[in-house]
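J.: Sharing a structure, written as structure tokens. Questions coming.
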Amino acid sequence: QVQLAESGGGLVQTGASLRLSCTASEGSINGYAMGWFRRPPGKEHEFVAALSFSGQVTLYANSIKGRFTISRDNAENTVYLQMSNLSPEDTATYYCARLANPYYSGTYYLKNRNKYNYWGQGTQVTVPS
């Protein structure tokens, strides 16, 4: 059983930066792709970014491309989401997740929230308009 815990969210102004962290306990992220998803107020979950188990494949949603960067530190069992130039449209609860199948790196899997079986509780990011 893998436990994922996000941190780093907060209330920031437009244009600010935040770094979200997601640390795994009672399990490992080694060998697994990791993803970030978000749920804006009143909307469904949406894909934000994903990183393959090897770190060689990165995927980003068009809405955040060029502003967010996903990275991982397998030794620390942690995945990060560096967010810059935040706008009110980025307001959401952000979740990290671990892909169910090890050593998968295909785009279909990494972008599909139904392919992730371990999720954190989420961290809130609020950018007032």
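Residues are named by chain letter and number: chains run A, B, ... in the order of the structure tokens, numbers start at 1 in each chain, and ligands are numbered from 1 in the order shown.
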Just the residues within 9 Å of Pro102 (chain A), please, counting only C-alpha atoms, with nothing from its chain fewer than 5 positions along; format it as a PDB file with all heavy atoms, in the first residue's frame.

T.:
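Ended up saving to part-v6.pdb:
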ATOM      1  N   ASN A  30       9.875   4.371  -7.434  1.00  0.00           N
ATOM      2  CA  ASN A  30      10.857   3.817  -8.378  1.00  0.00           C
ATOM      3  C   ASN A  30      10.193   2.826  -9.322  1.00  0.00           C
ATOM      4  O   ASN A  30       9.476   1.924  -8.886  1.00  0.00           O
ATOM      5  CB  ASN A  30      11.982   3.135  -7.622  1.00  0.00           C
ATOM      6  CG  ASN A  30      12.868   4.132  -6.910  1.00  0.00           C
ATOM      7  OD1 ASN A  30      12.810   5.319  -7.158  1.00  0.00           O
ATOM      8  ND2 ASN A  30      13.676   3.644  -5.987  1.00  0.00           N
ATOM      9  N   GLY A  31      10.433   3.012 -10.615  1.00  0.00           N
ATOM     10  CA  GLY A  31       9.871   2.107 -11.602  1.00  0.00           C
ATOM     11  C   GLY A  31       8.475   2.467 -12.063  1.00  0.00           C
ATOM     12  O   GLY A  31       7.911   1.786 -12.917  1.00  0.00           O
ATOM     13  N   TYR A  32       7.927   3.546 -11.526  1.00  0.00           N
ATOM     14  CA  TYR A  32       6.560   3.939 -11.871  1.00  0.00           C
ATOM     15  C   TYR A  32       6.515   5.363 -12.408  1.00  0.00           C
ATOM     16  O   TYR A  32       7.182   6.257 -11.877  1.00  0.00           O
ATOM     17  CB  TYR A  32       5.646   3.866 -10.652  1.00  0.00           C
ATOM     18  CG  TYR A  32       5.395   2.471 -10.151  1.00  0.00           C
ATOM     19  CD1 TYR A  32       6.261   1.881  -9.235  1.00  0.00           C
ATOM     20  CD2 TYR A  32       4.293   1.740 -10.584  1.00  0.00           C
ATOM     21  CE1 TYR A  32       6.037   0.593  -8.770  1.00  0.00           C
ATOM     22  CE2 TYR A  32       4.050   0.458 -10.118  1.00  0.00           C
ATOM     23  CZ  TYR A  32       4.926  -0.113  -9.213  1.00  0.00           C
ATOM     24  OH  TYR A  32       4.686  -1.384  -8.755  1.00  0.00           O
ATOM     25  N   ALA A  33       5.693   5.548 -13.423  1.00  0.00           N
ATOM     26  CA  ALA A  33       5.395   6.905 -13.852  1.00  0.00           C
ATOM     27  C   ALA A  33       4.569   7.600 -12.779  1.00  0.00           C
ATOM     28  O   ALA A  33       3.792   6.956 -12.065  1.00  0.00           O
ATOM     29  CB  ALA A  33       4.628   6.888 -15.163  1.00  0.00           C
ATOM     30  N   PHE A  53       8.745   6.607 -15.641  1.00  0.00           N
ATOM     31  CA  PHE A  53       9.548   6.007 -14.581  1.00  0.00           C
ATOM     32  C   PHE A  53      11.029   6.328 -14.749  1.00  0.00           C
ATOM     33  O   PHE A  53      11.765   6.435 -13.767  1.00  0.00           O
ATOM     34  CB  PHE A  53       9.338   4.495 -14.558  1.00  0.00           C
ATOM     35  CG  PHE A  53       9.889   3.779 -15.776  1.00  0.00           C
ATOM     36  CD1 PHE A  53      11.164   3.242 -15.759  1.00  0.00           C
ATOM     37  CD2 PHE A  53       9.124   3.639 -16.926  1.00  0.00           C
ATOM     38  CE1 PHE A  53      11.669   2.578 -16.870  1.00  0.00           C
ATOM     39  CE2 PHE A  53       9.620   2.991 -18.041  1.00  0.00           C
ATOM     40  CZ  PHE A  53      10.898   2.457 -18.006  1.00  0.00           C
TER      41      PHE A  53
END

J.: Any chance you could list, as a PDB file with N, CA, C and O atoms, in the first residue's frame, the residues in chain A that come up alpha helix (DSSP H) when DSSP is run on the backbone?

T.:
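Final output, result09.pdb:
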ATOM      1  N   THR A 107       1.955   7.535 -23.812  1.00  0.00           N
ATOM      2  CA  THR A 107       1.169   8.745 -23.613  1.00  0.00           C
ATOM      3  C   THR A 107      -0.243   8.448 -23.139  1.00  0.00           C
ATOM      4  O   THR A 107      -0.773   9.121 -22.253  1.00  0.00           O
ATOM      5  N   TYR A 108      -0.871   7.444 -23.721  1.00  0.00           N
ATOM      6  CA  TYR A 108      -2.250   7.109 -23.343  1.00  0.00           C
ATOM      7  C   TYR A 108      -2.348   6.822 -21.855  1.00  0.00           C
ATOM      8  O   TYR A 108      -3.266   7.273 -21.171  1.00  0.00           O
ATOM      9  N   TYR A 109      -1.390   6.091 -21.354  1.00  0.00           N
ATOM     10  CA  TYR A 109      -1.426   5.729 -19.938  1.00  0.00           C
ATOM     11  C   TYR A 109      -1.115   6.928 -19.055  1.00  0.00           C
ATOM     12  O   TYR A 109      -1.773   7.165 -18.050  1.00  0.00           O
ATOM     13  N   LEU A 110      -0.116   7.669 -19.417  1.00  0.00           N
ATOM     14  CA  LEU A 110       0.316   8.755 -18.538  1.00  0.00           C
ATOM     15  C   LEU A 110      -0.712   9.872 -18.418  1.00  0.00           C
ATOM     16  O   LEU A 110      -0.762  10.553 -17.399  1.00  0.00           O
ATOM     17  N   LYS A 111      -1.528  10.059 -19.454  1.00  0.00           N
ATOM     18  CA  LYS A 111      -2.524  11.135 -19.401  1.00  0.00           C
ATOM     19  C   LYS A 111      -3.874  10.692 -18.863  1.00  0.00           C
ATOM     20  O   LYS A 111      -4.750  11.523 -18.635  1.00  0.00           O
TER      21      LYS A 111
END

J.: With distances taken over only C-alpha atoms, which of A:Pro88, A:Gly15, A:Gly106, A:Gly35 is nearest to Val125 (chain A)?

T.: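 Checking each candidate against Val125 (chain A), we get A:Pro88 as the closest.
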
J.: Kindly indicate which residue among A:Arg19, A:Arg98, A:Arg72, A:Lys115 lies nearest to Asn85 (chain A), using only C-alpha atoms for the distances.

T.: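 Of A:Arg19, A:Arg98, A:Arg72, A:Lys115, the one nearest Asn85 (chain A) is A:Arg19, counting only C-alpha atoms.
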
J.: Identify, on the basis of only C-alpha atoms, every residue whose closest approach to Thr58 (chain A) does not exceed 8 Å; exclude the query and any residue fewer than 3 positions from it along the same chain; express the result as a VMD selection string.

T.: chain A and resid 49 to 52 55 70

J.: Include N, CA, C and O atoms and write out the residues we just selected as a tab-separated table (two decimals), in the first residue's frame.

T.:
chain	number	residue	atom	x	y	z
A	49	ALA	N	0.37	17.11	-15.65
A	49	ALA	CA	1.71	16.72	-16.10
A	49	ALA	C	1.98	15.30	-15.67
A	49	ALA	O	1.39	14.80	-14.71
A	50	ALA	N	2.88	14.64	-16.39
A	50	ALA	CA	3.30	13.30	-16.03
A	50	ALA	C	4.75	13.09	-16.40
A	50	ALA	O	5.27	13.73	-17.33
A	51	LEU	N	5.38	12.18	-15.70
A	51	LEU	CA	6.79	11.89	-15.90
A	51	LEU	C	6.97	10.39	-15.86
A	51	LEU	O	6.51	9.74	-14.91
A	52	SER	N	7.62	9.85	-16.86
A	52	SER	CA	7.80	8.41	-16.92
A	52	SER	C	8.71	7.91	-15.81
A	52	SER	O	9.41	8.68	-15.15
A	55	GLY	N	12.14	9.05	-16.24
A	55	GLY	CA	12.35	10.49	-16.31
A	55	GLY	C	12.58	11.01	-17.70
A	55	GLY	O	12.78	12.21	-17.91
A	70	ILE	N	7.61	19.25	-14.27
A	70	ILE	CA	7.54	18.09	-13.39
A	70	ILE	C	8.92	17.46	-13.30
A	70	ILE	O	9.67	17.42	-14.29

J.: Would you give me, as an NGL selection string, the residues in chain A that DSSP reads as strand (DSSP E)?

T.: :A and (3-7 or 10-11 or 18-25 or 34-39 or 46-51 or 58-60 or 68-73 or 78-83 or 92-99 or 116-119 or 123-126)

J.: Near Pro128 (chain A), counting only C-alpha atoms, which residues have an atom at most 12 Å away, once you skip same-chain residues fewer than 4 positions from it, shown as a ChimeraX atom specification?

T.: /A:10-16,86-92

J.: Could you save the residues just selected, with C-alpha atoms, as an mmCIF file, in the first residue's frame?

T.:
data_model
loop_
_atom_site.group_PDB
_atom_site.id
_atom_site.type_symbol
_atom_site.label_atom_id
_atom_site.label_comp_id
_atom_site.auth_asym_id
_atom_site.auth_seq_id
_atom_site.Cartn_x
_atom_site.Cartn_y
_atom_site.Cartn_z
ATOM 1 C CA GLY A 10 -1.120 27.985 -0.904
ATOM 2 C CA LEU A 11 -2.693 31.331 -1.679
ATOM 3 C CA VAL A 12 -0.568 33.378 -4.075
ATOM 4 C CA GLN A 13 -0.990 36.342 -6.368
ATOM 5 C CA THR A 14 -1.085 36.284 -10.130
ATOM 6 C CA GLY A 15 2.379 35.799 -11.565
ATOM 7 C CA ALA A 16 3.761 34.049 -8.497
ATOM 8 C CA LEU A 86 0.361 31.398 -11.927
ATOM 9 C CA SER A 87 -3.005 32.773 -12.923
ATOM 10 C CA PRO A 88 -6.533 32.519 -11.470
ATOM 11 C CA GLU A 89 -7.210 29.737 -13.977
ATOM 12 C CA ASP A 90 -4.701 27.594 -12.084
ATOM 13 C CA THR A 91 -6.819 27.655 -8.951
ATOM 14 C CA ALA A 92 -7.546 24.035 -8.080
#

J.: How far is it from CA of Glu44 (chain A) to CA of Asn74 (chain A), in Å with one decimal?

T.: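 One can read the CA of Glu44 (chain A) to CA of Asn74 (chain A) distance as 29.7 Å.
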
J.: Which residue is closest to Trp36 (chain A)? Choose from A:Leu20, A:Val57, A:Val48, A:Val79 and count only C-alpha atoms.

T.: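 Among A:Leu20, A:Val57, A:Val48, A:Val79, it is A:Val48 that comes nearest to Trp36 (chain A).
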
J.: Would you work out the distance separating CA of Pro40 (chain A) from CA of Thr78 (chain A), expressed in Å to one decimal?

T.: 23.7 Å

J.: I'd like to know which of A:Pro41, A:Thr23, A:Leu99, A:Ser105 is closest to Ser54 (chain A), using only C-alpha atoms.

T.: A:Ser105

J.: Taking only C-alpha atoms into account, which of A:Ser129, A:Asn112, A:Ser17, A:Gln3 comes nearest Ser84 (chain A)?

T.: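 Closest residue, counting only C-alpha atoms: A:Ser17.
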
J.: Any idea what the distance is between CA of Gly27 (chain A) and CA of Tyr118 (chain A)?

T.: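 The value is 10.4 Å.
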
J.: Using only C-alpha atoms, find the one residue out of A:His45, A:Cys22, A:Asn101, A:Phe37 that sits nearest to Leu59 (chain A).

T.: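 When distances to Leu59 (chain A) are compared using only C-alpha atoms, the smallest one comes from A:Phe37.
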
J.: Mind checking which residues fall within 9 Å of region 119-123 of chain A, counting only C-alpha atoms, ignoring those fewer than 5 positions away in the same chain, and posting them as a ChimeraX atom specification?

T.: /A:2-10,20,22,24,38,92-98

J.: How about saving the chosen residues, N, CA and C atoms kept, as a JSON list (two decimals), in the first residue's frame?

T.:
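After the write, selection_6.json holds the following:
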[["chain", "number", "residue", "atom", "x", "y", "z"],
["A", 2, "VAL", "N", 0.70, 2.07, -1.00],
["A", 2, "VAL", "CA", 1.50, 3.28, -1.14],
["A", 2, "VAL", "C", 0.73, 4.47, -0.61],
["A", 3, "GLN", "N", 1.36, 5.27, 0.19],
["A", 3, "GLN", "CA", 0.77, 6.51, 0.69],
["A", 3, "GLN", "C", 1.48, 7.68, 0.02],
["A", 4, "LEU", "N", 0.69, 8.55, -0.60],
["A", 4, "LEU", "CA", 1.23, 9.74, -1.25],
["A", 4, "LEU", "C", 0.73, 10.97, -0.51],
["A", 5, "ALA", "N", 1.64, 11.90, -0.27],
["A", 5, "ALA", "CA", 1.28, 13.11, 0.45],
["A", 5, "ALA", "C", 1.81, 14.32, -0.30],
["A", 6, "GLU", "N", 0.88, 15.20, -0.72],
["A", 6, "GLU", "CA", 1.26, 16.43, -1.39],
["A", 6, "GLU", "C", 1.47, 17.55, -0.38],
["A", 7, "SER", "N", 2.30, 18.49, -0.75],
["A", 7, "SER", "CA", 2.51, 19.68, 0.06],
["A", 7, "SER", "C", 2.96, 20.81, -0.86],
["A", 8, "GLY", "N", 2.91, 22.02, -0.33],
["A", 8, "GLY", "CA", 3.42, 23.16, -1.07],
["A", 8, "GLY", "C", 2.38, 24.08, -1.65],
["A", 9, "GLY", "N", 1.11, 23.72, -1.52],
["A", 9, "GLY", "CA", 0.07, 24.59, -2.03],
["A", 9, "GLY", "C", -0.08, 25.85, -1.19],
["A", 10, "GLY", "N", -0.90, 26.77, -1.66],
["A", 10, "GLY", "CA", -1.12, 27.98, -0.90],
["A", 10, "GLY", "C", -1.89, 29.01, -1.68],
["A", 20, "LEU", "N", 5.12, 22.36, -5.76],
["A", 20, "LEU", "CA", 4.40, 21.29, -5.07],
["A", 20, "LEU", "C", 5.31, 20.08, -4.95],
["A", 22, "CYS", "N", 5.35, 15.85, -3.70],
["A", 22, "CYS", "CA", 4.56, 14.65, -3.44],
["A", 22, "CYS", "C", 5.52, 13.56, -3.01],
["A", 24, "ALA", "N", 6.18, 9.79, -1.31],
["A", 24, "ALA", "CA", 5.59, 8.47, -1.09],
["A", 24, "ALA", "C", 6.15, 7.84, 0.17],
["A", 38, "ARG", "N", -5.34, 18.01, -11.50],
["A", 38, "ARG", "CA", -5.95, 19.05, -10.67],
["A", 38, "ARG", "C", -7.45, 19.06, -10.87],
["A", 92, "ALA", "N", -7.05, 25.41, -8.08],
["A", 92, "ALA", "CA", -7.55, 24.03, -8.08],
["A", 92, "ALA", "C", -6.94, 23.29, -6.90],
["A", 93, "THR", "N", -7.48, 22.12, -6.65],
["A", 93, "THR", "CA", -6.82, 21.16, -5.77],
["A", 93, "THR", "C", -5.93, 20.30, -6.64],
["A", 94, "TYR", "N", -4.68, 20.20, -6.27],
["A", 94, "TYR", "CA", -3.70, 19.45, -7.07],
["A", 94, "TYR", "C", -3.41, 18.11, -6.40],
["A", 95, "TYR", "N", -3.45, 17.07, -7.21],
["A", 95, "TYR", "CA", -3.24, 15.71, -6.74],
["A", 95, "TYR", "C", -2.07, 15.08, -7.48],
["A", 96, "CYS", "N", -1.27, 14.32, -6.73],
["A", 96, "CYS", "CA", -0.28, 13.49, -7.40],
["A", 96, "CYS", "C", -0.78, 12.05, -7.38],
["A", 97, "ALA", "N", -0.28, 11.26, -8.30],
["A", 97, "ALA", "CA", -0.73, 9.89, -8.43],
["A", 97, "ALA", "C", 0.39, 9.03, -9.00],
["A", 98, "ARG", "N", 0.33, 7.75, -8.65],
["A", 98, "ARG", "CA", 1.29, 6.79, -9.18],
["A", 98, "ARG", "C", 0.59, 5.86, -10.16]]
